[in-house]
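K.L.:
Below is the structure I would like to discuss, written out as structure tokens.
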Amino acid sequence: MALKSAALFEKMDPFIKSQGVELVKKINAVYYFEVSKAKGETPEVWTVDLKNGTGSISKGKVGTADATFTMVDDDMIAMAQGKLNPQQAFMQGKMKIKGNMAAATKFTPDLLPKDAKL
């Protein structure tokens with residue numbers, strides 16, 4: 001069964017295309033999102049590049065990430081919907097972060113498109 005997050009990342013694509021120049025100036029980082037259906041399962045990975053050109057989003061690992069977010073699908077959706085605070089998710093172990101923490105803190109749910117309520 002497909003991840004619910006796949007639709008979220010699809011919706012992010014036109015958002016990044018329209019806001020990319022500003023986001024690249026503001027964020028200047030590349031992120032990997034490793035999202036799995038349940039803990040311990042093999043994750044699907046998306047690369048959100050807010051460092052190069054006008055920004056992009058790709059399936060799989062592209063380039064080198066400044067920070068990697070790992071979480072389960074339901075938590076990713078809850079965060080996108082504003083039901084799960086990223087800091088609380090991290091503190092509760094629902095989200096793991098690898099890499100540059102300063103870069104990681106620049107990616108906030110307000111970078112997700114406002115119509116991403118799935």
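In the structure tokens, each chain is lettered A, B, ... as it comes, each chain's residues begin at 1, and ligands are numbered from 1 in order of appearance.
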Among stretch 25-105 of chain A, which residues does DSSP mark as strand (DSSP E or B) when it is run on the backbone? Keep the chain and numbering as in the structure and answer as a PDB file with all heavy atoms, in the first residue's frame.
P.N.:
```
ATOM      1  N   ALA A  29      19.594  24.465   2.191  1.00  0.00           N
ATOM      2  CA  ALA A  29      19.907  23.128   2.690  1.00  0.00           C
ATOM      3  C   ALA A  29      19.199  22.066   1.843  1.00  0.00           C
ATOM      4  O   ALA A  29      18.198  22.341   1.199  1.00  0.00           O
ATOM      5  CB  ALA A  29      19.493  22.990   4.149  1.00  0.00           C
ATOM      6  N   VAL A  30      19.760  20.857   1.866  1.00  0.00           N
ATOM      7  CA  VAL A  30      19.162  19.697   1.207  1.00  0.00           C
ATOM      8  C   VAL A  30      18.720  18.732   2.301  1.00  0.00           C
ATOM      9  O   VAL A  30      19.462  18.472   3.251  1.00  0.00           O
ATOM     10  CB  VAL A  30      20.179  19.000   0.268  1.00  0.00           C
ATOM     11  CG1 VAL A  30      19.585  17.731  -0.342  1.00  0.00           C
ATOM     12  CG2 VAL A  30      20.647  19.955  -0.829  1.00  0.00           C
ATOM     13  N   TYR A  31      17.489  18.208   2.159  1.00  0.00           N
ATOM     14  CA  TYR A  31      16.926  17.302   3.159  1.00  0.00           C
ATOM     15  C   TYR A  31      16.536  15.969   2.535  1.00  0.00           C
ATOM     16  O   TYR A  31      16.021  15.930   1.419  1.00  0.00           O
ATOM     17  CB  TYR A  31      15.656  17.904   3.777  1.00  0.00           C
ATOM     18  CG  TYR A  31      15.879  19.235   4.430  1.00  0.00           C
ATOM     19  CD1 TYR A  31      15.555  20.410   3.766  1.00  0.00           C
ATOM     20  CD2 TYR A  31      16.426  19.320   5.699  1.00  0.00           C
ATOM     21  CE1 TYR A  31      15.768  21.651   4.360  1.00  0.00           C
ATOM     22  CE2 TYR A  31      16.643  20.558   6.305  1.00  0.00           C
ATOM     23  CZ  TYR A  31      16.314  21.706   5.628  1.00  0.00           C
ATOM     24  OH  TYR A  31      16.533  22.934   6.219  1.00  0.00           O
ATOM     25  N   TYR A  32      16.762  14.894   3.271  1.00  0.00           N
ATOM     26  CA  TYR A  32      16.195  13.594   2.942  1.00  0.00           C
ATOM     27  C   TYR A  32      15.057  13.358   3.925  1.00  0.00           C
ATOM     28  O   TYR A  32      15.196  13.621   5.120  1.00  0.00           O
ATOM     29  CB  TYR A  32      17.198  12.455   3.125  1.00  0.00           C
ATOM     30  CG  TYR A  32      18.351  12.407   2.151  1.00  0.00           C
ATOM     31  CD1 TYR A  32      19.506  11.725   2.504  1.00  0.00           C
ATOM     32  CD2 TYR A  32      18.299  13.001   0.892  1.00  0.00           C
ATOM     33  CE1 TYR A  32      20.582  11.651   1.643  1.00  0.00           C
ATOM     34  CE2 TYR A  32      19.369  12.930   0.022  1.00  0.00           C
ATOM     35  CZ  TYR A  32      20.516  12.249   0.402  1.00  0.00           C
ATOM     36  OH  TYR A  32      21.582  12.173  -0.445  1.00  0.00           O
ATOM     37  N   PHE A  33      13.960  12.870   3.413  1.00  0.00           N
ATOM     38  CA  PHE A  33      12.848  12.425   4.250  1.00  0.00           C
ATOM     39  C   PHE A  33      12.724  10.923   4.055  1.00  0.00           C
ATOM     40  O   PHE A  33      12.429  10.467   2.954  1.00  0.00           O
ATOM     41  CB  PHE A  33      11.540  13.118   3.842  1.00  0.00           C
ATOM     42  CG  PHE A  33      11.459  14.536   4.304  1.00  0.00           C
ATOM     43  CD1 PHE A  33      12.012  15.555   3.553  1.00  0.00           C
ATOM     44  CD2 PHE A  33      10.834  14.848   5.508  1.00  0.00           C
ATOM     45  CE1 PHE A  33      11.948  16.874   3.983  1.00  0.00           C
ATOM     46  CE2 PHE A  33      10.766  16.160   5.946  1.00  0.00           C
ATOM     47  CZ  PHE A  33      11.328  17.177   5.181  1.00  0.00           C
ATOM     48  N   GLU A  34      12.976  10.168   5.115  1.00  0.00           N
ATOM     49  CA  GLU A  34      12.839   8.719   5.093  1.00  0.00           C
ATOM     50  C   GLU A  34      11.538   8.384   5.818  1.00  0.00           C
ATOM     51  O   GLU A  34      11.431   8.554   7.030  1.00  0.00           O
ATOM     52  CB  GLU A  34      14.021   8.048   5.794  1.00  0.00           C
ATOM     53  CG  GLU A  34      15.348   8.320   5.109  1.00  0.00           C
ATOM     54  CD  GLU A  34      16.538   7.709   5.837  1.00  0.00           C
ATOM     55  OE1 GLU A  34      16.405   7.321   7.022  1.00  0.00           O
ATOM     56  OE2 GLU A  34      17.604   7.631   5.209  1.00  0.00           O
ATOM     57  N   VAL A  35      10.546   7.950   5.054  1.00  0.00           N
ATOM     58  CA  VAL A  35       9.213   7.711   5.612  1.00  0.00           C
ATOM     59  C   VAL A  35       8.840   6.244   5.395  1.00  0.00           C
ATOM     60  O   VAL A  35       8.901   5.743   4.271  1.00  0.00           O
ATOM     61  CB  VAL A  35       8.160   8.621   4.939  1.00  0.00           C
ATOM     62  CG1 VAL A  35       6.791   8.426   5.579  1.00  0.00           C
ATOM     63  CG2 VAL A  35       8.585  10.087   5.009  1.00  0.00           C
ATOM     64  N   SER A  36       8.461   5.579   6.488  1.00  0.00           N
ATOM     65  CA  SER A  36       8.053   4.177   6.379  1.00  0.00           C
ATOM     66  C   SER A  36       6.631   4.008   6.903  1.00  0.00           C
ATOM     67  O   SER A  36       6.127   4.840   7.654  1.00  0.00           O
ATOM     68  CB  SER A  36       9.020   3.275   7.153  1.00  0.00           C
ATOM     69  OG  SER A  36       9.084   3.673   8.501  1.00  0.00           O
ATOM     70  N   GLU A  44      10.582   4.723   2.313  1.00  0.00           N
ATOM     71  CA  GLU A  44      10.681   5.383   1.019  1.00  0.00           C
ATOM     72  C   GLU A  44      11.386   6.700   1.301  1.00  0.00           C
ATOM     73  O   GLU A  44      11.231   7.282   2.377  1.00  0.00           O
ATOM     74  CB  GLU A  44       9.300   5.625   0.419  1.00  0.00           C
ATOM     75  CG  GLU A  44       8.640   4.337  -0.041  1.00  0.00           C
ATOM     76  CD  GLU A  44       7.396   4.595  -0.875  1.00  0.00           C
ATOM     77  OE1 GLU A  44       7.401   5.527  -1.713  1.00  0.00           O
ATOM     78  OE2 GLU A  44       6.419   3.864  -0.671  1.00  0.00           O
ATOM     79  N   VAL A  45      12.170   7.178   0.346  1.00  0.00           N
ATOM     80  CA  VAL A  45      12.975   8.377   0.569  1.00  0.00           C
ATOM     81  C   VAL A  45      12.651   9.430  -0.473  1.00  0.00           C
ATOM     82  O   VAL A  45      12.494   9.132  -1.656  1.00  0.00           O
ATOM     83  CB  VAL A  45      14.490   8.040   0.503  1.00  0.00           C
ATOM     84  CG1 VAL A  45      15.327   9.281   0.768  1.00  0.00           C
ATOM     85  CG2 VAL A  45      14.839   6.946   1.499  1.00  0.00           C
ATOM     86  N   TRP A  46      12.538  10.669  -0.015  1.00  0.00           N
ATOM     87  CA  TRP A  46      12.393  11.819  -0.889  1.00  0.00           C
ATOM     88  C   TRP A  46      13.508  12.806  -0.564  1.00  0.00           C
ATOM     89  O   TRP A  46      13.892  12.966   0.595  1.00  0.00           O
ATOM     90  CB  TRP A  46      11.051  12.523  -0.678  1.00  0.00           C
ATOM     91  CG  TRP A  46       9.900  11.792  -1.266  1.00  0.00           C
ATOM     92  CD1 TRP A  46       9.376  11.931  -2.520  1.00  0.00           C
ATOM     93  CD2 TRP A  46       9.104  10.787  -0.629  1.00  0.00           C
ATOM     94  NE1 TRP A  46       8.316  11.077  -2.688  1.00  0.00           N
ATOM     95  CE2 TRP A  46       8.128  10.365  -1.549  1.00  0.00           C
ATOM     96  CE3 TRP A  46       9.134  10.198   0.636  1.00  0.00           C
ATOM     97  CZ2 TRP A  46       7.183   9.393  -1.261  1.00  0.00           C
ATOM     98  CZ3 TRP A  46       8.204   9.222   0.947  1.00  0.00           C
ATOM     99  CH2 TRP A  46       7.232   8.827  -0.007  1.00  0.00           C
ATOM    100  N   THR A  47      14.010  13.469  -1.587  1.00  0.00           N
ATOM    101  CA  THR A  47      15.004  14.526  -1.410  1.00  0.00           C
ATOM    102  C   THR A  47      14.324  15.862  -1.673  1.00  0.00           C
ATOM    103  O   THR A  47      13.705  16.049  -2.723  1.00  0.00           O
ATOM    104  CB  THR A  47      16.183  14.357  -2.397  1.00  0.00           C
ATOM    105  OG1 THR A  47      16.792  13.094  -2.162  1.00  0.00           O
ATOM    106  CG2 THR A  47      17.208  15.470  -2.226  1.00  0.00           C
ATOM    107  N   VAL A  48      14.415  16.761  -0.714  1.00  0.00           N
ATOM    108  CA  VAL A  48      13.910  18.122  -0.874  1.00  0.00           C
ATOM    109  C   VAL A  48      15.143  19.026  -0.900  1.00  0.00           C
ATOM    110  O   VAL A  48      15.818  19.204   0.101  1.00  0.00           O
ATOM    111  CB  VAL A  48      12.948  18.517   0.273  1.00  0.00           C
ATOM    112  CG1 VAL A  48      12.474  19.957   0.092  1.00  0.00           C
ATOM    113  CG2 VAL A  48      11.752  17.565   0.317  1.00  0.00           C
ATOM    114  N   ASP A  49      15.434  19.538  -2.094  1.00  0.00           N
ATOM    115  CA  ASP A  49      16.622  20.369  -2.297  1.00  0.00           C
ATOM    116  C   ASP A  49      16.213  21.839  -2.260  1.00  0.00           C
ATOM    117  O   ASP A  49      15.594  22.347  -3.186  1.00  0.00           O
ATOM    118  CB  ASP A  49      17.274  20.027  -3.642  1.00  0.00           C
ATOM    119  CG  ASP A  49      18.552  20.807  -3.911  1.00  0.00           C
ATOM    120  OD1 ASP A  49      18.783  21.844  -3.252  1.00  0.00           O
ATOM    121  OD2 ASP A  49      19.316  20.382  -4.788  1.00  0.00           O
ATOM    122  N   LEU A  50      16.559  22.499  -1.176  1.00  0.00           N
ATOM    123  CA  LEU A  50      16.294  23.933  -1.031  1.00  0.00           C
ATOM    124  C   LEU A  50      17.631  24.661  -0.916  1.00  0.00           C
ATOM    125  O   LEU A  50      17.788  25.609  -0.157  1.00  0.00           O
ATOM    126  CB  LEU A  50      15.409  24.190   0.194  1.00  0.00           C
ATOM    127  CG  LEU A  50      14.032  23.529   0.148  1.00  0.00           C
ATOM    128  CD1 LEU A  50      13.275  23.742   1.440  1.00  0.00           C
ATOM    129  CD2 LEU A  50      13.227  24.034  -1.040  1.00  0.00           C
ATOM    130  N   SER A  56      14.097  21.808  -5.622  1.00  0.00           N
ATOM    131  CA  SER A  56      13.472  20.666  -6.288  1.00  0.00           C
ATOM    132  C   SER A  56      13.092  19.615  -5.266  1.00  0.00           C
ATOM    133  O   SER A  56      13.547  19.646  -4.121  1.00  0.00           O
ATOM    134  CB  SER A  56      14.433  20.060  -7.324  1.00  0.00           C
ATOM    135  OG  SER A  56      15.572  19.522  -6.668  1.00  0.00           O
ATOM    136  N   ILE A  57      12.265  18.693  -5.712  1.00  0.00           N
ATOM    137  CA  ILE A  57      11.896  17.541  -4.887  1.00  0.00           C
ATOM    138  C   ILE A  57      12.014  16.319  -5.773  1.00  0.00           C
ATOM    139  O   ILE A  57      11.613  16.348  -6.933  1.00  0.00           O
ATOM    140  CB  ILE A  57      10.483  17.714  -4.282  1.00  0.00           C
ATOM    141  CG1 ILE A  57      10.181  16.593  -3.318  1.00  0.00           C
ATOM    142  CG2 ILE A  57       9.435  17.799  -5.343  1.00  0.00           C
ATOM    143  CD1 ILE A  57       9.021  16.882  -2.401  1.00  0.00           C
ATOM    144  N   SER A  58      12.633  15.264  -5.245  1.00  0.00           N
ATOM    145  CA  SER A  58      12.875  14.058  -6.027  1.00  0.00           C
ATOM    146  C   SER A  58      12.613  12.829  -5.183  1.00  0.00           C
ATOM    147  O   SER A  58      12.818  12.845  -3.977  1.00  0.00           O
ATOM    148  CB  SER A  58      14.336  13.998  -6.490  1.00  0.00           C
ATOM    149  OG  SER A  58      14.743  15.205  -7.076  1.00  0.00           O
ATOM    150  N   LYS A  59      12.176  11.754  -5.832  1.00  0.00           N
ATOM    151  CA  LYS A  59      12.031  10.459  -5.155  1.00  0.00           C
ATOM    152  C   LYS A  59      13.423   9.859  -5.087  1.00  0.00           C
ATOM    153  O   LYS A  59      14.191   9.947  -6.028  1.00  0.00           O
ATOM    154  CB  LYS A  59      11.082   9.584  -5.975  1.00  0.00           C
ATOM    155  CG  LYS A  59      10.700   8.294  -5.291  1.00  0.00           C
ATOM    156  CD  LYS A  59       9.434   8.496  -4.498  1.00  0.00           C
ATOM    157  CE  LYS A  59       8.787   7.229  -4.032  1.00  0.00           C
ATOM    158  NZ  LYS A  59       9.533   6.290  -3.314  1.00  0.00           N
ATOM    159  N   ALA A  67      20.586  17.383   6.241  1.00  0.00           N
ATOM    160  CA  ALA A  67      19.880  16.756   7.361  1.00  0.00           C
ATOM    161  C   ALA A  67      18.905  15.711   6.823  1.00  0.00           C
ATOM    162  O   ALA A  67      18.359  15.868   5.734  1.00  0.00           O
ATOM    163  CB  ALA A  67      19.134  17.804   8.176  1.00  0.00           C
ATOM    164  N   THR A  68      18.722  14.658   7.604  1.00  0.00           N
ATOM    165  CA  THR A  68      17.800  13.582   7.242  1.00  0.00           C
ATOM    166  C   THR A  68      16.753  13.433   8.339  1.00  0.00           C
ATOM    167  O   THR A  68      17.096  13.327   9.515  1.00  0.00           O
ATOM    168  CB  THR A  68      18.560  12.243   7.076  1.00  0.00           C
ATOM    169  OG1 THR A  68      19.555  12.402   6.062  1.00  0.00           O
ATOM    170  CG2 THR A  68      17.614  11.116   6.692  1.00  0.00           C
ATOM    171  N   PHE A  69      15.487  13.452   7.930  1.00  0.00           N
ATOM    172  CA  PHE A  69      14.371  13.235   8.856  1.00  0.00           C
ATOM    173  C   PHE A  69      13.840  11.824   8.625  1.00  0.00           C
ATOM    174  O   PHE A  69      13.563  11.452   7.490  1.00  0.00           O
ATOM    175  CB  PHE A  69      13.240  14.231   8.584  1.00  0.00           C
ATOM    176  CG  PHE A  69      13.626  15.667   8.773  1.00  0.00           C
ATOM    177  CD1 PHE A  69      13.982  16.454   7.684  1.00  0.00           C
ATOM    178  CD2 PHE A  69      13.633  16.242  10.032  1.00  0.00           C
ATOM    179  CE1 PHE A  69      14.339  17.784   7.851  1.00  0.00           C
ATOM    180  CE2 PHE A  69      13.986  17.576  10.210  1.00  0.00           C
ATOM    181  CZ  PHE A  69      14.339  18.343   9.113  1.00  0.00           C
ATOM    182  N   THR A  70      13.679  11.057   9.699  1.00  0.00           N
ATOM    183  CA  THR A  70      13.150   9.695   9.603  1.00  0.00           C
ATOM    184  C   THR A  70      11.919   9.603  10.487  1.00  0.00           C
ATOM    185  O   THR A  70      11.979   9.949  11.672  1.00  0.00           O
ATOM    186  CB  THR A  70      14.216   8.671  10.063  1.00  0.00           C
ATOM    187  OG1 THR A  70      15.409   8.871   9.297  1.00  0.00           O
ATOM    188  CG2 THR A  70      13.720   7.256   9.877  1.00  0.00           C
ATOM    189  N   MET A  71      10.812   9.140   9.898  1.00  0.00           N
ATOM    190  CA  MET A  71       9.573   9.004  10.672  1.00  0.00           C
ATOM    191  C   MET A  71       8.604   8.073   9.960  1.00  0.00           C
ATOM    192  O   MET A  71       8.828   7.706   8.811  1.00  0.00           O
ATOM    193  CB  MET A  71       8.927  10.365  10.917  1.00  0.00           C
ATOM    194  CG  MET A  71       8.431  11.061   9.678  1.00  0.00           C
ATOM    195  SD  MET A  71       7.973  12.782   9.987  1.00  0.00           S
ATOM    196  CE  MET A  71       9.552  13.555   9.844  1.00  0.00           C
ATOM    197  N   VAL A  72       7.543   7.707  10.679  1.00  0.00           N
ATOM    198  CA  VAL A  72       6.521   6.873  10.058  1.00  0.00           C
ATOM    199  C   VAL A  72       5.504   7.763   9.349  1.00  0.00           C
ATOM    200  O   VAL A  72       5.353   8.947   9.661  1.00  0.00           O
ATOM    201  CB  VAL A  72       5.830   5.915  11.072  1.00  0.00           C
ATOM    202  CG1 VAL A  72       6.830   4.918  11.646  1.00  0.00           C
ATOM    203  CG2 VAL A  72       5.126   6.673  12.162  1.00  0.00           C
ATOM    204  N   MET A  95      10.265  11.290  15.534  1.00  0.00           N
ATOM    205  CA  MET A  95      11.045  11.754  14.391  1.00  0.00           C
ATOM    206  C   MET A  95      12.516  11.715  14.782  1.00  0.00           C
ATOM    207  O   MET A  95      12.894  12.219  15.833  1.00  0.00           O
ATOM    208  CB  MET A  95      10.648  13.187  14.004  1.00  0.00           C
ATOM    209  CG  MET A  95      11.499  13.759  12.897  1.00  0.00           C
ATOM    210  SD  MET A  95      10.930  15.373  12.287  1.00  0.00           S
ATOM    211  CE  MET A  95      11.060  16.402  13.732  1.00  0.00           C
ATOM    212  N   LYS A  96      13.320  11.093  13.923  1.00  0.00           N
ATOM    213  CA  LYS A  96      14.759  11.073  14.150  1.00  0.00           C
ATOM    214  C   LYS A  96      15.392  12.053  13.165  1.00  0.00           C
ATOM    215  O   LYS A  96      14.926  12.202  12.029  1.00  0.00           O
ATOM    216  CB  LYS A  96      15.315   9.678  13.927  1.00  0.00           C
ATOM    217  CG  LYS A  96      14.893   8.692  15.004  1.00  0.00           C
ATOM    218  CD  LYS A  96      15.602   7.375  14.811  1.00  0.00           C
ATOM    219  CE  LYS A  96      15.439   6.417  15.940  1.00  0.00           C
ATOM    220  NZ  LYS A  96      14.156   6.079  16.381  1.00  0.00           N
ATOM    221  N   ILE A  97      16.430  12.732  13.612  1.00  0.00           N
ATOM    222  CA  ILE A  97      17.139  13.691  12.755  1.00  0.00           C
ATOM    223  C   ILE A  97      18.612  13.330  12.762  1.00  0.00           C
ATOM    224  O   ILE A  97      19.214  13.176  13.824  1.00  0.00           O
ATOM    225  CB  ILE A  97      16.954  15.139  13.257  1.00  0.00           C
ATOM    226  CG1 ILE A  97      15.476  15.509  13.302  1.00  0.00           C
ATOM    227  CG2 ILE A  97      17.726  16.113  12.364  1.00  0.00           C
ATOM    228  CD1 ILE A  97      15.188  16.839  13.992  1.00  0.00           C
ATOM    229  N   LYS A  98      19.175  13.192  11.552  1.00  0.00           N
ATOM    230  CA  LYS A  98      20.605  12.962  11.408  1.00  0.00           C
ATOM    231  C   LYS A  98      21.188  14.129  10.630  1.00  0.00           C
ATOM    232  O   LYS A  98      20.535  14.683   9.749  1.00  0.00           O
ATOM    233  CB  LYS A  98      20.877  11.668  10.622  1.00  0.00           C
ATOM    234  CG  LYS A  98      20.570  10.396  11.372  1.00  0.00           C
ATOM    235  CD  LYS A  98      20.999   9.180  10.595  1.00  0.00           C
ATOM    236  CE  LYS A  98      19.917   8.792   9.606  1.00  0.00           C
ATOM    237  NZ  LYS A  98      20.019   7.493   9.021  1.00  0.00           N
ATOM    238  N   GLY A  99      22.417  14.484  10.962  1.00  0.00           N
ATOM    239  CA  GLY A  99      23.084  15.525  10.198  1.00  0.00           C
ATOM    240  C   GLY A  99      23.125  16.846  10.931  1.00  0.00           C
ATOM    241  O   GLY A  99      23.144  16.903  12.157  1.00  0.00           O
TER     242      GLY A  99
END
```
K.L.:
Run DSSP on the backbone and grab whatever in stretch 18-90 of chain A lands in alpha helix (DSSP H); send it over as a ChimeraX atom specification.
P.N.:
/A:18-27,73-80,86-90
K.L.:
Which is closer to A:Ser5 than all the others in A:Ser18, A:Thr108, A:Pro43, A:Met76, using only C-alpha atoms?
P.N.:
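Comparing A:Ser18, A:Thr108, A:Pro43, A:Met76 against A:Ser5, the winner is A:Met76.
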K.L.:
Atom CA of A:Lys4 to atom CA of A:Lys37: how many Å, to one decimal?
P.N.:
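It comes out at 8.9 Å.
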K.L.:
Identify, on the basis of only C-alpha atoms, every residue whose closest approach to A:Ile16 does not exceed 10 Å; exclude the query and any residue fewer than 2 positions from it along the same chain; express the result as a list in words.
P.N.:
Lys11, Met12, Asp13, Pro14, Ser18, Gln19, Gly20, Val21, Glu22, Leu23, Val24, Val48, Asp49, Leu50, Thr54, Gly55, Ser56, Ile57, Leu111, Leu112 and Pro113 of chain A
K.L.:
Please dump the current selection as an mmCIF file, in the first residue's frame; keep C-alpha atoms.
P.N.:
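Result file result_21.cif:
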```cif
data_model
loop_
_atom_site.group_PDB
_atom_site.id
_atom_site.type_symbol
_atom_site.label_atom_id
_atom_site.label_comp_id
_atom_site.auth_asym_id
_atom_site.auth_seq_id
_atom_site.Cartn_x
_atom_site.Cartn_y
_atom_site.Cartn_z
ATOM 1 C CA LYS A 11 1.788 18.523 -3.597
ATOM 2 C CA MET A 12 5.090 20.025 -2.442
ATOM 3 C CA ASP A 13 6.500 19.874 -5.990
ATOM 4 C CA PRO A 14 4.452 22.749 -7.533
ATOM 5 C CA SER A 18 6.551 28.507 -7.409
ATOM 6 C CA GLN A 19 8.383 29.520 -4.210
ATOM 7 C CA GLY A 20 11.771 27.906 -4.894
ATOM 8 C CA VAL A 21 13.906 31.008 -5.397
ATOM 9 C CA GLU A 22 12.798 32.481 -2.060
ATOM 10 C CA LEU A 23 13.052 29.144 -0.249
ATOM 11 C CA VAL A 24 16.591 28.517 -1.540
ATOM 12 C CA VAL A 48 13.910 18.122 -0.874
ATOM 13 C CA ASP A 49 16.622 20.369 -2.297
ATOM 14 C CA LEU A 50 16.294 23.933 -1.031
ATOM 15 C CA THR A 54 15.302 27.095 -7.719
ATOM 16 C CA GLY A 55 14.827 24.099 -5.434
ATOM 17 C CA SER A 56 13.472 20.666 -6.288
ATOM 18 C CA ILE A 57 11.896 17.541 -4.887
ATOM 19 C CA LEU A 111 7.378 25.270 4.361
ATOM 20 C CA LEU A 112 4.736 22.714 3.439
ATOM 21 C CA PRO A 113 2.052 23.936 1.050
#
```
K.L.:
Nearest residue to A:Lys26 out of A:Asn52, A:Thr64, A:Thr42, A:Gln81, using only C-alpha atoms?
P.N.:
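That would be A:Asn52, the residue with the smallest distance to A:Lys26.
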K.L.:
Given only C-alpha atoms as the basis, pick out the residue of A:Ala89, A:Ala80, A:Ala65, A:Leu3 nearest to A:Asn28.
P.N.:
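Comparing A:Ala89, A:Ala80, A:Ala65, A:Leu3 against A:Asn28, the winner is A:Ala65.
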K.L.:
Taking only C-alpha atoms into account, which of A:Ile27, A:Met91, A:Ala38, A:Ala78 comes nearest A:Asp66?
P.N.:
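Ranking A:Ile27, A:Met91, A:Ala38, A:Ala78 by distance to A:Asp66, first place goes to A:Ile27.
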K.L.:
What does the distance from atom CA of A:Leu8 to atom CA of A:Gly60 come to in Å, to one decimal?
P.N.:
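Interatomic distance here is 15.1 Å.
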K.L.:
Just how far from atom CA of A:Phe15 is atom CA of A:Thr105, in Å to one decimal?
P.N.:
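Interatomic distance here is 19.9 Å.
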K.L.:
Given only C-alpha atoms as the basis, pick out the residue of A:Ala2, A:Lys94, A:Gly53, A:Phe107 nearest to A:Asp75.
P.N.:
A:Lys94
